[in-house]
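File shown: query-v2.txt (compact mmCIF, C-alpha atoms).
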# COMPACT_ATOMS: atom_id res chain seq x y z
CA MET A 1 -29.16 -37.97 7.74
CA SER A 2 -32.34 -39.58 9.15
CA ASP A 3 -34.87 -37.92 11.45
CA ALA A 4 -33.64 -40.09 14.32
CA ASP A 5 -30.11 -38.81 13.78
CA HIS A 6 -31.40 -35.24 13.81
CA ARG A 7 -33.15 -35.81 17.12
CA ALA A 8 -30.06 -37.44 18.57
CA ALA A 9 -27.89 -34.52 17.48
CA GLY A 10 -30.41 -32.07 18.97
CA ALA A 11 -30.41 -33.91 22.29
CA GLY A 12 -26.61 -33.99 22.25
CA ALA A 13 -26.47 -30.26 21.66
CA ARG A 14 -28.83 -29.64 24.58
CA ARG A 15 -26.79 -31.80 26.90
CA ALA A 16 -23.60 -30.14 25.82
CA ALA A 17 -24.98 -26.61 26.12
CA GLY A 18 -22.91 -25.84 29.20
CA GLN A 19 -19.76 -27.20 27.58
CA LEU A 20 -20.51 -25.29 24.42
CA GLU A 21 -20.83 -22.04 26.36
CA ALA A 22 -17.45 -22.67 27.93
CA ALA A 23 -15.94 -23.52 24.55
CA ALA A 24 -17.41 -20.41 22.92
CA LEU A 25 -16.09 -18.25 25.75
CA ALA A 26 -12.64 -19.80 25.38
CA VAL A 27 -12.71 -19.10 21.65
CA LEU A 28 -13.59 -15.45 22.27
CA GLN A 29 -10.97 -15.07 24.98
CA SER A 30 -8.21 -16.43 22.80
CA ALA A 31 -9.36 -14.54 19.68
CA GLY A 32 -7.43 -11.46 18.78
CA SER A 33 -10.64 -9.57 18.05
CA ALA A 34 -14.38 -9.46 18.59
CA LEU A 35 -16.07 -12.25 16.65
CA THR A 36 -19.40 -12.70 14.90
CA PRO A 37 -21.41 -15.90 15.53
CA GLY A 38 -20.28 -17.20 12.15
CA GLN A 39 -16.63 -16.75 13.09
CA VAL A 40 -17.20 -18.42 16.48
CA ARG A 41 -18.85 -21.36 14.75
CA ASP A 42 -15.92 -21.75 12.38
CA ARG A 43 -13.45 -21.74 15.25
CA LEU A 44 -15.41 -24.16 17.40
CA GLY A 45 -14.86 -26.65 14.61
CA ASP A 46 -17.94 -28.79 15.44
CA ASP A 47 -20.70 -29.02 12.91
CA LEU A 48 -22.92 -26.62 14.83
CA ALA A 49 -25.93 -24.81 13.41
CA TYR A 50 -25.55 -21.06 13.10
CA THR A 51 -28.66 -20.53 15.25
CA THR A 52 -27.17 -22.72 17.98
CA VAL A 53 -24.11 -20.50 18.16
CA VAL A 54 -26.29 -17.38 18.19
CA THR A 55 -28.28 -18.87 21.10
CA ILE A 56 -25.12 -19.70 23.06
CA LEU A 57 -23.66 -16.25 22.52
CA SER A 58 -26.86 -14.41 23.43
CA ARG A 59 -27.17 -16.51 26.57
CA LEU A 60 -23.61 -15.60 27.54
CA HIS A 61 -24.43 -11.99 26.78
CA ALA A 62 -27.55 -12.19 28.98
CA LYS A 63 -25.36 -13.58 31.78
CA GLY A 64 -23.15 -10.54 31.40
CA VAL A 65 -20.10 -12.56 30.42
CA LEU A 66 -19.92 -11.10 26.92
CA THR A 67 -20.39 -7.63 25.55
CA ARG A 68 -21.68 -7.23 22.05
CA LEU A 69 -21.57 -4.54 19.41
CA ARG A 70 -23.44 -4.33 16.17
CA SER A 71 -21.12 -4.96 13.24
CA GLY A 72 -23.01 -4.86 9.98
CA ARG A 73 -26.17 -6.95 10.22
CA ALA A 74 -24.90 -9.27 12.95
CA TYR A 75 -23.54 -8.64 16.43
CA SER A 76 -19.95 -9.29 17.26
CA TYR A 77 -19.03 -10.53 20.71
CA ALA A 78 -16.08 -10.15 23.04
CA PRO A 79 -15.48 -11.15 26.68
CA VAL A 80 -16.40 -8.48 29.24
CA ALA A 81 -13.54 -9.20 31.61
CA ASP A 82 -10.67 -7.91 29.57
CA GLU A 83 -7.76 -10.13 30.42
CA PRO A 84 -4.60 -8.02 30.59
CA GLY A 85 -3.19 -7.21 27.21
CA LEU A 86 -6.24 -8.31 25.26
CA ALA A 87 -7.03 -4.85 23.91
CA ALA A 88 -3.43 -4.41 22.85
CA ARG A 89 -3.36 -7.78 21.15
CA ARG A 90 -6.63 -7.08 19.36
CA MET A 91 -5.27 -3.86 17.92
CA ARG A 92 -2.05 -5.58 16.95
CA GLY A 93 -4.14 -8.27 15.25
CA VAL A 94 -5.67 -5.60 13.03
CA LEU A 95 -2.23 -4.23 12.29
CA ASP A 96 -0.73 -7.58 11.40
CA ALA A 97 -3.53 -8.21 8.92
CA GLU A 98 -2.91 -4.89 7.21
CA ALA A 99 0.08 -4.78 4.88
CA ASP A 100 0.13 -1.00 4.97
CA ARG A 101 -0.14 -0.80 8.73
CA GLU A 102 2.54 1.80 9.35
CA ALA A 103 0.53 4.19 7.23
CA VAL A 104 -2.82 3.49 8.88
CA LEU A 105 -1.74 4.28 12.41
CA ALA A 106 0.29 7.35 13.14
CA ARG A 107 3.02 5.63 15.14
CA PHE A 108 5.04 7.76 17.50
CA VAL A 109 8.29 6.11 16.47
CA SER A 110 8.98 3.81 13.56
CA GLY A 111 11.49 0.98 13.37
CA LEU A 112 15.20 1.52 13.93
CA SER A 113 18.13 0.06 12.08
CA PRO A 114 21.21 -0.87 14.18
CA GLU A 115 22.92 2.28 12.85
CA ASP A 116 19.91 4.40 13.88
CA GLU A 117 20.08 2.92 17.36
CA GLN A 118 23.76 3.83 17.64
CA ALA A 119 23.11 7.35 16.38
CA LEU A 120 20.29 7.86 18.90
CA ARG A 121 22.42 6.64 21.80
CA ARG A 122 25.17 9.05 20.87
CA MET A 123 22.70 11.91 20.53
CA LEU A 124 21.23 11.16 23.95
CA ALA A 125 24.67 10.90 25.52
CA ALA A 126 25.79 14.18 23.95
CA GLN A 127 22.68 15.87 25.30
CA GLN A 128 23.31 14.67 28.81
CA ASN A 129 26.94 15.86 28.62
CA PRO A 130 26.80 19.11 26.68
CA GLU A 131 30.50 19.82 27.27
CA ALA A 132 31.56 16.54 25.65
CA MET B 1 0.77 15.10 -30.20
CA HIS B 2 2.62 18.03 -28.86
CA VAL B 3 5.79 17.25 -26.91
CA LEU B 4 4.23 18.97 -23.84
CA ILE B 5 2.23 15.80 -23.13
CA TYR B 6 5.42 14.19 -21.84
CA VAL B 7 5.93 16.89 -19.19
CA PRO B 8 3.44 15.38 -16.66
CA LEU B 9 5.26 12.07 -17.08
CA LEU B 10 8.67 13.59 -16.38
CA VAL B 11 7.86 15.92 -13.46
CA PRO B 12 7.24 12.99 -11.04
CA VAL B 13 10.84 11.87 -11.67
CA LEU B 14 12.05 15.32 -10.67
CA ALA B 15 9.65 15.36 -7.72
CA ALA B 16 11.05 12.03 -6.52
CA VAL B 17 14.48 13.64 -6.24
CA CYS B 18 13.24 16.89 -4.66
CA ALA B 19 10.71 15.47 -2.16
CA ARG B 20 13.07 14.63 0.68
CA PRO B 21 15.16 17.83 0.54
CA LEU B 22 11.91 19.82 0.53
CA ALA B 23 10.53 17.88 3.51
CA GLU B 24 13.73 18.63 5.42
CA ARG B 25 14.12 22.30 4.50
CA LEU B 26 10.59 23.68 4.62
CA PRO B 27 8.60 24.14 7.85
CA PRO B 28 6.89 20.73 8.29
CA ARG B 29 3.36 22.04 7.98
CA THR B 30 4.13 23.85 4.72
CA ALA B 31 6.04 20.81 3.45
CA THR B 32 3.14 18.48 4.22
CA TRP B 33 0.62 20.61 2.36
CA LEU B 34 2.93 21.26 -0.58
CA LEU B 35 3.96 17.63 -0.98
CA THR B 36 0.45 16.21 -0.57
CA VAL B 37 -1.21 18.61 -3.01
CA SER B 38 1.69 18.02 -5.43
CA ALA B 39 1.47 14.24 -5.13
CA VAL B 40 -2.26 14.24 -5.88
CA ALA B 41 -1.87 16.75 -8.74
CA LEU B 42 1.04 14.82 -10.29
CA ALA B 43 -0.77 11.49 -9.98
CA ALA B 44 -3.79 13.02 -11.74
CA ALA B 45 -1.74 14.82 -14.41
CA SER B 46 0.44 11.81 -15.22
CA GLY B 47 -2.63 9.58 -15.36
CA ALA B 48 -4.34 12.04 -17.68
CA ALA B 49 -1.26 12.21 -19.93
CA LEU B 50 -1.18 8.42 -20.26
CA GLY B 51 -4.89 8.31 -21.03
CA LEU B 52 -4.57 11.08 -23.63
CA LEU B 53 -1.64 9.34 -25.35
CA ALA B 54 -3.63 6.12 -25.55
CA MET B 55 -6.66 7.93 -26.95
CA ALA B 56 -4.61 9.85 -29.50
CA ALA B 57 -2.99 6.62 -30.71
CA ALA B 58 -6.40 4.94 -30.86
CA MET B 59 -7.40 7.51 -33.51
CA ARG B 60 -5.20 5.57 -35.94
CA LEU B 61 -7.61 2.63 -35.74
CA PRO B 62 -10.22 2.74 -38.54
CA VAL B 63 -12.88 1.33 -36.13
CA ILE B 64 -12.47 4.27 -33.80
CA ASP B 65 -12.60 6.73 -36.70
CA SER B 66 -15.85 5.33 -38.06
CA LEU B 67 -17.36 5.29 -34.55
CA GLY B 68 -16.30 8.89 -33.88
CA GLY B 69 -17.19 10.12 -37.37
CA MET B 70 -13.56 10.98 -38.12
CA SER B 71 -11.63 10.77 -41.38
CA LEU B 72 -8.68 8.32 -41.21
CA ALA B 73 -6.81 10.25 -43.89
CA ALA B 74 -7.10 13.45 -41.86
CA VAL B 75 -5.98 11.65 -38.69
CA LEU B 76 -2.90 10.24 -40.43
CA ARG B 77 -2.05 13.71 -41.72
CA LEU B 78 -2.18 15.04 -38.12
CA ASP B 79 0.18 12.26 -37.06
CA PRO B 80 -1.11 11.55 -33.51
CA ALA B 81 0.88 9.38 -31.07
CA PRO B 82 2.33 6.19 -32.62
CA LEU B 83 0.24 3.05 -32.03
CA PRO B 84 2.85 1.02 -30.01
CA LEU B 85 3.35 4.01 -27.70
CA GLY B 86 -0.42 4.28 -27.31
CA VAL B 87 -0.68 0.61 -26.36
CA ILE B 88 2.03 1.00 -23.71
CA ALA B 89 0.44 4.19 -22.37
CA GLY B 90 -2.97 2.53 -22.27
CA ALA B 91 -1.59 -0.45 -20.35
CA PHE B 92 0.08 1.88 -17.83
CA PHE B 93 -3.11 3.91 -17.53
CA LEU B 94 -5.24 0.84 -16.77
CA THR B 95 -2.67 -0.51 -14.30
CA ALA B 96 -2.56 2.84 -12.52
CA ALA B 97 -6.34 3.11 -12.32
CA LEU B 98 -6.67 -0.43 -10.96
CA ALA B 99 -3.86 0.11 -8.45
CA ALA B 100 -5.50 3.31 -7.18
CA VAL B 101 -8.87 1.62 -6.77
CA ARG B 102 -7.25 -1.33 -5.00
CA ALA B 103 -5.29 0.95 -2.65
CA ALA B 104 -8.43 2.94 -1.83
CA TRP B 105 -10.31 -0.27 -1.11
CA LEU B 106 -7.56 -1.72 1.11
CA ARG B 107 -7.26 1.53 3.02
CA THR B 108 -10.99 1.74 3.61
CA ALA B 109 -11.08 -1.87 4.82
CA ALA B 110 -8.19 -1.18 7.20
CA LEU B 111 -9.90 1.94 8.56
CA ILE B 112 -13.10 -0.01 9.21
CA ALA B 113 -11.13 -2.79 10.95
CA VAL B 114 -9.27 -0.28 13.13
CA ARG B 115 -12.49 1.50 14.05
CA ARG B 116 -14.21 -1.76 14.95
CA GLN B 117 -11.37 -2.84 17.21
CA ALA B 118 -11.10 0.64 18.74
CA ARG B 119 -14.58 0.27 20.21
CA TRP B 120 -13.17 -2.41 22.49
CA LEU B 121 -10.51 -0.14 23.94
CA SER B 122 -11.13 0.64 27.58
CA GLY B 123 -12.45 4.03 28.62
CA ASP B 124 -14.14 6.79 26.68
CA GLY B 125 -11.39 9.37 26.88
CA GLN B 126 -9.07 10.33 24.07
CA VAL B 127 -6.22 8.39 25.58
CA ALA B 128 -6.42 4.62 26.02
CA VAL B 129 -3.72 2.79 27.92
CA VAL B 130 -3.35 -0.86 27.01
CA GLN B 131 -1.60 -3.53 29.05
CA ASP B 132 1.43 -4.45 26.99
CA ASP B 133 5.06 -4.69 28.06
CA SER B 134 6.41 -3.74 24.64
CA ALA B 135 6.68 0.02 24.25
CA ASP B 136 4.40 1.44 21.59
CA ALA B 137 2.19 4.47 21.00
CA TYR B 138 0.01 5.52 18.09
CA ALA B 139 -2.92 7.68 17.09
CA LEU B 140 -5.88 5.97 15.45
CA PRO B 141 -7.07 7.49 12.18
CA GLY B 142 -10.30 9.46 12.21
CA PRO B 143 -11.54 12.81 13.47
CA ARG B 144 -11.78 11.52 17.07
CA GLY B 145 -8.17 10.44 16.86
CA ARG B 146 -7.92 8.20 19.90
CA ILE B 147 -4.43 7.78 21.25
CA VAL B 148 -3.23 4.35 22.32
CA ILE B 149 -0.26 4.01 24.65
CA THR B 150 1.08 0.75 26.02
CA THR B 151 2.05 0.37 29.67
CA GLY B 152 5.53 -0.51 28.39
CA MET B 153 5.85 2.93 26.79
CA LEU B 154 4.54 4.69 29.92
CA ALA B 155 7.18 2.87 31.97
CA ALA B 156 9.97 3.93 29.59
CA LEU B 157 9.19 7.66 29.77
CA SER B 158 9.17 10.26 32.54
CA GLU B 159 6.06 12.36 33.24
CA ALA B 160 7.32 15.31 31.20
CA GLU B 161 8.25 12.98 28.34
CA CYS B 162 4.78 11.44 28.38
CA GLY B 163 3.47 14.98 27.96
CA VAL B 164 5.54 15.33 24.80
CA LEU B 165 4.27 12.04 23.46
CA LEU B 166 0.64 13.03 24.09
CA ALA B 167 1.14 16.46 22.53
CA HIS B 168 2.66 14.77 19.46
CA GLU B 169 -0.24 12.32 19.04
CA ARG B 170 -2.83 15.05 19.70
CA ALA B 171 -1.24 17.10 16.93
CA HIS B 172 -1.76 14.15 14.56
CA ALA B 173 -5.45 14.00 15.45
CA ALA B 174 -6.03 17.77 15.43
CA GLY B 175 -4.21 18.23 12.10
CA ARG B 176 -6.07 15.29 10.48
CA HIS B 177 -2.71 13.89 9.49
CA TYR B 178 -4.23 10.55 8.48
CA LEU B 179 -5.82 12.29 5.48
CA PHE B 180 -2.45 13.52 4.21
CA THR B 181 -0.81 10.11 4.51
CA ALA B 182 -3.83 8.39 2.94
CA LEU B 183 -3.74 10.71 -0.09
CA ALA B 184 0.01 10.20 -0.33
CA ARG B 185 -0.33 6.42 -0.42
CA LEU B 186 -3.14 6.62 -2.96
CA SER B 187 -1.06 8.82 -5.29
CA ALA B 188 1.94 6.53 -4.94
CA ALA B 189 -0.23 3.51 -5.73
CA ALA B 190 -1.41 5.16 -8.96
CA ASN B 191 2.09 6.27 -9.95
CA PRO B 192 5.00 4.36 -8.33
CA LEU B 193 7.35 7.22 -9.28
CA LEU B 194 5.63 9.17 -6.49
CA ARG B 195 6.70 6.71 -3.78
CA PRO B 196 9.57 8.91 -2.55
CA MET B 197 7.01 11.72 -2.22
CA ALA B 198 4.75 9.52 -0.09
CA ALA B 199 7.72 8.68 2.13
CA ALA B 200 8.56 12.38 2.43
CA ILE B 201 4.94 13.14 3.40
CA SER B 202 5.02 10.47 6.13
CA TYR B 203 8.20 12.06 7.43
CA SER B 204 6.87 15.61 7.33
CA VAL B 205 3.63 14.81 9.22
CA GLU B 206 5.80 13.31 11.97
CA ARG B 207 7.93 16.45 11.93
CA TRP B 208 4.76 18.58 12.05
CA ALA B 209 3.62 16.73 15.19
CA ASP B 210 7.15 16.91 16.65
CA GLU B 211 7.31 20.68 16.21
CA ARG B 212 3.86 21.03 17.78
CA ALA B 213 4.94 18.87 20.73
CA ALA B 214 8.05 21.03 21.15
CA VAL B 215 5.88 24.17 21.30
CA VAL B 216 3.39 22.62 23.76
CA SER B 217 6.09 21.25 26.07
CA GLY B 218 8.12 24.44 25.73
CA SER B 219 11.39 22.63 25.11
CA ARG B 220 12.84 21.37 21.83
CA LEU B 221 15.49 19.51 23.82
CA LEU B 222 12.88 17.64 25.87
CA ALA B 223 10.94 16.76 22.72
CA ALA B 224 14.11 15.49 21.03
CA ARG B 225 15.04 13.39 24.05
CA THR B 226 11.55 11.90 24.28
CA ILE B 227 11.59 10.72 20.67
CA ALA B 228 15.03 9.18 21.06
CA LYS B 229 14.10 7.40 24.30
CA ALA B 230 10.74 6.20 22.99
CA ALA B 231 12.32 4.88 19.79
CA LEU B 232 14.97 2.95 21.71
CA ALA B 233 12.29 1.56 24.06
CA ALA B 234 10.04 0.59 21.13
CA ALA B 235 12.96 -1.17 19.45
CA GLY B 236 13.28 -3.27 22.59
CA ALA B 237 16.72 -1.85 23.26
CA PRO B 238 17.81 -1.61 26.91
CA PRO B 239 17.12 1.83 28.37
CA ALA B 240 19.58 4.44 27.20
CA ARG B 241 22.23 4.92 29.80
CA MET B 242 24.79 7.59 30.23
CA SER B 243 28.05 5.73 29.82
CA THR B 244 31.64 6.79 29.50
CA ALA B 245 31.58 5.39 25.97
CA GLY B 246 28.69 7.74 25.28
CA VAL B 247 30.66 10.72 26.47
CA LEU B 248 33.57 9.89 24.24
CA ALA B 249 31.49 9.06 21.17
CA ALA B 250 31.00 11.88 18.73
CA VAL B 251 27.56 13.14 17.75
CA PRO B 252 26.54 11.66 14.36
CA SER B 253 27.90 13.69 11.46
CA ARG B 254 25.73 15.31 8.76
CA ALA B 255 26.73 12.56 6.33
CA GLU B 256 25.73 9.87 8.81
CA LEU B 257 22.39 11.56 9.44
CA ARG B 258 21.65 11.76 5.71
CA LYS B 259 21.85 7.98 5.53
CA ALA B 260 19.95 7.46 8.81
CA GLY B 261 16.30 6.48 9.17
CA SER B 262 13.55 8.94 10.00
CA VAL B 263 13.85 8.85 13.82
CA PRO B 264 17.46 10.11 14.15
CA ARG B 265 16.66 12.80 11.55
CA ARG B 266 13.60 13.89 13.54
CA VAL B 267 15.68 14.09 16.71
CA ASP B 268 18.36 16.07 14.90
CA ALA B 269 15.77 18.48 13.48
CA LEU B 270 14.53 19.22 17.00
CA LEU B 271 18.09 19.84 18.21
CA CYS B 272 18.40 22.49 15.48
CA PRO B 273 16.33 25.71 15.44
CA PRO B 274 12.91 25.45 13.73
CA PRO B 275 13.21 25.59 9.91
CA PRO B 276 12.68 29.07 8.45
CA ARG B 277 10.10 29.92 5.79
CA ARG B 278 11.63 29.69 2.34
CA ILE B 279 9.24 31.49 0.02
CA MET B 280 11.39 31.15 -3.11
CA LEU B 281 11.83 27.40 -2.66
CA LEU B 282 8.10 27.03 -2.10
CA LEU B 283 7.20 29.06 -5.20
CA LEU B 284 9.66 27.08 -7.32
CA ALA B 285 8.09 23.79 -6.25
CA ILE B 286 4.56 25.10 -6.89
CA ALA B 287 5.58 26.35 -10.34
CA LEU B 288 6.96 22.93 -11.26
CA VAL B 289 3.76 21.12 -10.30
CA ALA B 290 1.61 23.77 -11.97
CA ALA B 291 3.63 23.27 -15.18
CA ALA B 292 2.78 19.54 -15.13
CA GLY B 293 -0.90 20.35 -14.63
CA LEU B 294 -0.96 22.95 -17.40
CA ALA B 295 0.84 20.62 -19.78
CA ALA B 296 -1.82 17.96 -19.17
CA PHE B 297 -4.56 20.53 -19.84
CA HIS B 298 -2.80 21.63 -23.00
CA ALA B 299 -2.54 18.02 -24.21
CA ALA B 300 -6.24 17.51 -23.56
CA GLY B 301 -6.99 20.61 -25.66
CA ASP B 302 -4.67 19.26 -28.35
CA LEU B 303 -6.50 15.96 -28.54
CA HIS B 304 -9.86 17.73 -28.65
CA ALA B 305 -8.70 19.91 -31.55
CA MET B 306 -7.42 16.86 -33.44
CA VAL B 307 -10.74 15.06 -33.06
CA GLU B 308 -12.68 18.11 -34.26
CA PHE B 309 -10.38 18.54 -37.26
CA ALA B 310 -10.73 14.88 -38.25
CA GLN B 311 -14.49 15.03 -37.85
CA ALA B 312 -14.73 18.16 -40.00
CA ALA B 313 -12.57 16.43 -42.64
CA ALA B 314 -14.92 13.45 -42.64
CA VAL B 315 -17.97 15.66 -43.21
CA SER B 316 -16.48 17.69 -46.05
Would you mind giving the structure from this file in structure tokens?
Amino acid sequence: MSDADHRAAGAGARRAAGQLEAAALAVLQSAGSALTPGQVRDRLGDDLAYTTVVTILSRLHAKGVLTRLRSGRAYSYAPVADEPGLAARRMRGVLDAEADREAVLARFVSGLSPEDEQALRRMLAAQQNPEA
Amino acid sequence: MHVLIYVPLLVPVLAAVCARPLAERLPPRTATWLLTVSAVALAAASGAALGLLAMAAAMRLPVIDSLGGMSLAAVLRLDPAPLPLGVIAGAFFLTAALAAVRAAWLRTAALIAVRRQARWLSGDGQVAVVQDDSADAYALPGPRGRIVITTGMLAALSEAECGVLLAHERAHAAGRHYLFTALARLSAAANPLLRPMAAAISYSVERWADERAAVVSGSRLLAARTIAKAALAAAGAPPARMSTAGVLAAVPSRAELRKAGSVPRRVDALLCPPPPRRIMLLLLAIALVAAAGLAAFHAAGDLHAMVEFAQAAAVS
């Protein structure tokens, strides 16, 4: 890549800064979890420099659109306005990634087989009609 | 090697058969402690037995004898474990060690992932309600033990029933139940024969929290009903309705319950009086596990004596 190309790419990035912010926000909103700049860059797909993504994310954070938390050496970012169900989906994302998920979280009730479902219905019915 | 070295390898088979009956007959708290301590002890004892067998068999190799300053003639006279058996035991030992390390690593990674995501839950209180139409509720691992409840679950339960659910999840956090299940999984990873024990431990921590919820809410019947309703809601089944068919249908029989999954058995346990203390049963189980531990110790002493004898023979 020549110097001229580098300058052109830099100018393009500057022009597209607003679009990039929107794209980064969309990535974070659709992600199942908080993301690090590296993860955002991977999902944006463009050949962006890591520092560019960091700049975009810190600008969004300064605007108050994103919250950030330290995760390891980097920050991870998530949208402030929690669209309904996002927290639930994030947690489920963790669970789906974990093969042993039933053991990690103490679930109130585990899965039911069709026979279990029948048995529970009969137990509930019997309770509501003790004379039966 | 003395025949006692095989005891730690056989007790897990017996434990696999006894685990579920114990979890169902003992008070859940006692059962959880007994089964967890037993699972860890048996995993350690069976691992030690495998390692000792492999080491004893390795004494037949001239390289090992020259390295350890032992006399091969003396070793052969002592007749340690046969070489093929030692190779098999060594392979099992390595597999078990690797599986335990892998399970510990995976569990740690999962805990870190859960903790990271938990920081994004709304609110600072112990209970976090998340917007989700599917009914679900769980306690996050860790001493803070945050409780997550979906709006779908809140909609499926009455106020009193929500109280039961919260009492149940608080009992998990207060009793550090995640530690018991983590140790259970780790033991089962090291020795697959202990898998039924791990399943029994998962069941008995749920029962422990159920019993606690029954005490807090003051009604075993209410607690039983809550679990049944929540399970049906979580399964996506239409809300349980009182129907004429329901009135006519018989309550599940003992035989049916034995084959059922953990939820109907938990409900049934709450419909029965709390399980009594059974000291004799408890002592019997402890004695069995202690025997496995002692046998492993004995085998270790055996191996030590053999090495010393062979070394003395080499010197003289």
Exercise for the section: Up to 8 Å from (21.6, 9.2, 18.3) in the file's coordinates: name the residues, counting only C-alpha atoms, as a PyMOL selection string. Expected result: (chain A and resi 116-124) or (chain B and resi 228+251-252+264+267)
Selection file, C-alpha atoms, as a compact mmCIF listing (two decimals), keeping the file's coordinate frame:
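The resulting file, again_5.txt, is reproduced below:
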# COMPACT_ATOMS: atom_id res chain seq x y z
CA ASP A 116 19.91 4.40 13.88
CA GLU A 117 20.08 2.92 17.36
CA GLN A 118 23.76 3.83 17.64
CA ALA A 119 23.11 7.35 16.38
CA LEU A 120 20.29 7.86 18.90
CA ARG A 121 22.42 6.64 21.80
CA ARG A 122 25.17 9.05 20.87
CA MET A 123 22.70 11.91 20.53
CA LEU A 124 21.23 11.16 23.95
CA ALA B 228 15.03 9.18 21.06
CA VAL B 251 27.56 13.14 17.75
CA PRO B 252 26.54 11.66 14.36
CA PRO B 264 17.46 10.11 14.15
CA VAL B 267 15.68 14.09 16.71
Based on only C-alpha atoms, which of the residues in chain B come within 6 Å of chain A? I want them as a CSV table (one decimal) with C-alpha atoms, keeping the file's coordinate frame.
chain,number,residue,atom,x,y,z
B,121,LEU,CA,-10.5,-0.1,23.9
B,130,VAL,CA,-3.4,-0.9,27.0
B,131,GLN,CA,-1.6,-3.5,29.0
B,132,ASP,CA,1.4,-4.4,27.0
B,137,ALA,CA,2.2,4.5,21.0
B,138,TYR,CA,0.0,5.5,18.1
B,139,ALA,CA,-2.9,7.7,17.1
B,140,LEU,CA,-5.9,6.0,15.4
B,228,ALA,CA,15.0,9.2,21.1
B,231,ALA,CA,12.3,4.9,19.8
B,242,MET,CA,24.8,7.6,30.2
B,246,GLY,CA,28.7,7.7,25.3
B,247,VAL,CA,30.7,10.7,26.5
B,251,VAL,CA,27.6,13.1,17.8
B,252,PRO,CA,26.5,11.7,14.4
B,260,ALA,CA,20.0,7.5,8.8
B,264,PRO,CA,17.5,10.1,14.2
Excluding segment 34-48 of chain B and its own-chain neighbours fewer than 6 positions away, which residues fall within 8 Å of it when counting all atoms listed in the file? Please give them as a tab-separated table (two decimals) with C-alpha atoms, in the frame of the given file.
chain	number	residue	atom	x	y	z
B	8	PRO	CA	3.44	15.38	-16.66
B	9	LEU	CA	5.26	12.07	-17.08
B	11	VAL	CA	7.86	15.92	-13.46
B	12	PRO	CA	7.24	12.99	-11.04
B	19	ALA	CA	10.71	15.47	-2.16
B	23	ALA	CA	10.53	17.88	3.51
B	93	PHE	CA	-3.11	3.91	-17.53
B	96	ALA	CA	-2.56	2.84	-12.52
B	180	PHE	CA	-2.45	13.52	4.21
B	183	LEU	CA	-3.74	10.71	-0.09
B	184	ALA	CA	0.01	10.20	-0.33
B	187	SER	CA	-1.06	8.82	-5.29
B	188	ALA	CA	1.94	6.53	-4.94
B	190	ALA	CA	-1.41	5.16	-8.96
B	191	ASN	CA	2.09	6.27	-9.95
B	194	LEU	CA	5.63	9.17	-6.49
B	197	MET	CA	7.01	11.72	-2.22
B	198	ALA	CA	4.75	9.52	-0.09
B	200	ALA	CA	8.56	12.38	2.43
B	201	ILE	CA	4.94	13.14	3.40
B	282	LEU	CA	8.10	27.03	-2.10
B	286	ILE	CA	4.56	25.10	-6.89
B	289	VAL	CA	3.76	21.12	-10.30
B	292	ALA	CA	2.78	19.54	-15.13
B	293	GLY	CA	-0.90	20.35	-14.63
B	296	ALA	CA	-1.82	17.96	-19.17
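When all atoms listed in the file are used to compute distances to Val40 of chain A, the closest of the residues A:Gln19, A:Leu60, A:Gly72, A:Tyr77 turns out to be A:Tyr77.
In this model, the gap between atom CA of His168 of chain B and atom CA of Asp210 of chain B comes to 5.7 Å.
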Exercise for the section: For Ile5 of chain B, please output as a PyMOL selection string all residues within 8 Å (counting only C-alpha atoms; exclusion window: fewer than 3 positions along the same chain). Expected result: chain B and resi 1-2+8-9+49+53+295-296+298-299
Handout entry: Atomic separation - atom CA of Pro37 of chain A relative to atom CA of Pro141 of chain B, Å
Key = 27.6 Å
Kindly extract all protein, DNA and RNA residues lying within 12 Å of the coordinates (-11.3, 19.0, -45.3) given in the file, considering only C-alpha atoms, and supply them as a PDB file with C-alpha atoms, in the coordinates of the input.
ATOM      1  CA  MET B  70     -13.560  10.980 -38.120  1.00  0.00           C
ATOM      2  CA  SER B  71     -11.630  10.770 -41.380  1.00  0.00           C
ATOM      3  CA  LEU B  72      -8.680   8.320 -41.210  1.00  0.00           C
ATOM      4  CA  ALA B  73      -6.810  10.250 -43.890  1.00  0.00           C
ATOM      5  CA  ALA B  74      -7.100  13.450 -41.860  1.00  0.00           C
ATOM      6  CA  VAL B  75      -5.980  11.650 -38.690  1.00  0.00           C
ATOM      7  CA  ARG B  77      -2.050  13.710 -41.720  1.00  0.00           C
ATOM      8  CA  GLU B 308     -12.680  18.110 -34.260  1.00  0.00           C
ATOM      9  CA  PHE B 309     -10.380  18.540 -37.260  1.00  0.00           C
ATOM     10  CA  ALA B 310     -10.730  14.880 -38.250  1.00  0.00           C
ATOM     11  CA  GLN B 311     -14.490  15.030 -37.850  1.00  0.00           C
ATOM     12  CA  ALA B 312     -14.730  18.160 -40.000  1.00  0.00           C
ATOM     13  CA  ALA B 313     -12.570  16.430 -42.640  1.00  0.00           C
ATOM     14  CA  ALA B 314     -14.920  13.450 -42.640  1.00  0.00           C
ATOM     15  CA  VAL B 315     -17.970  15.660 -43.210  1.00  0.00           C
ATOM     16  CA  SER B 316     -16.480  17.690 -46.050  1.00  0.00           C
TER      17      SER B 316
END
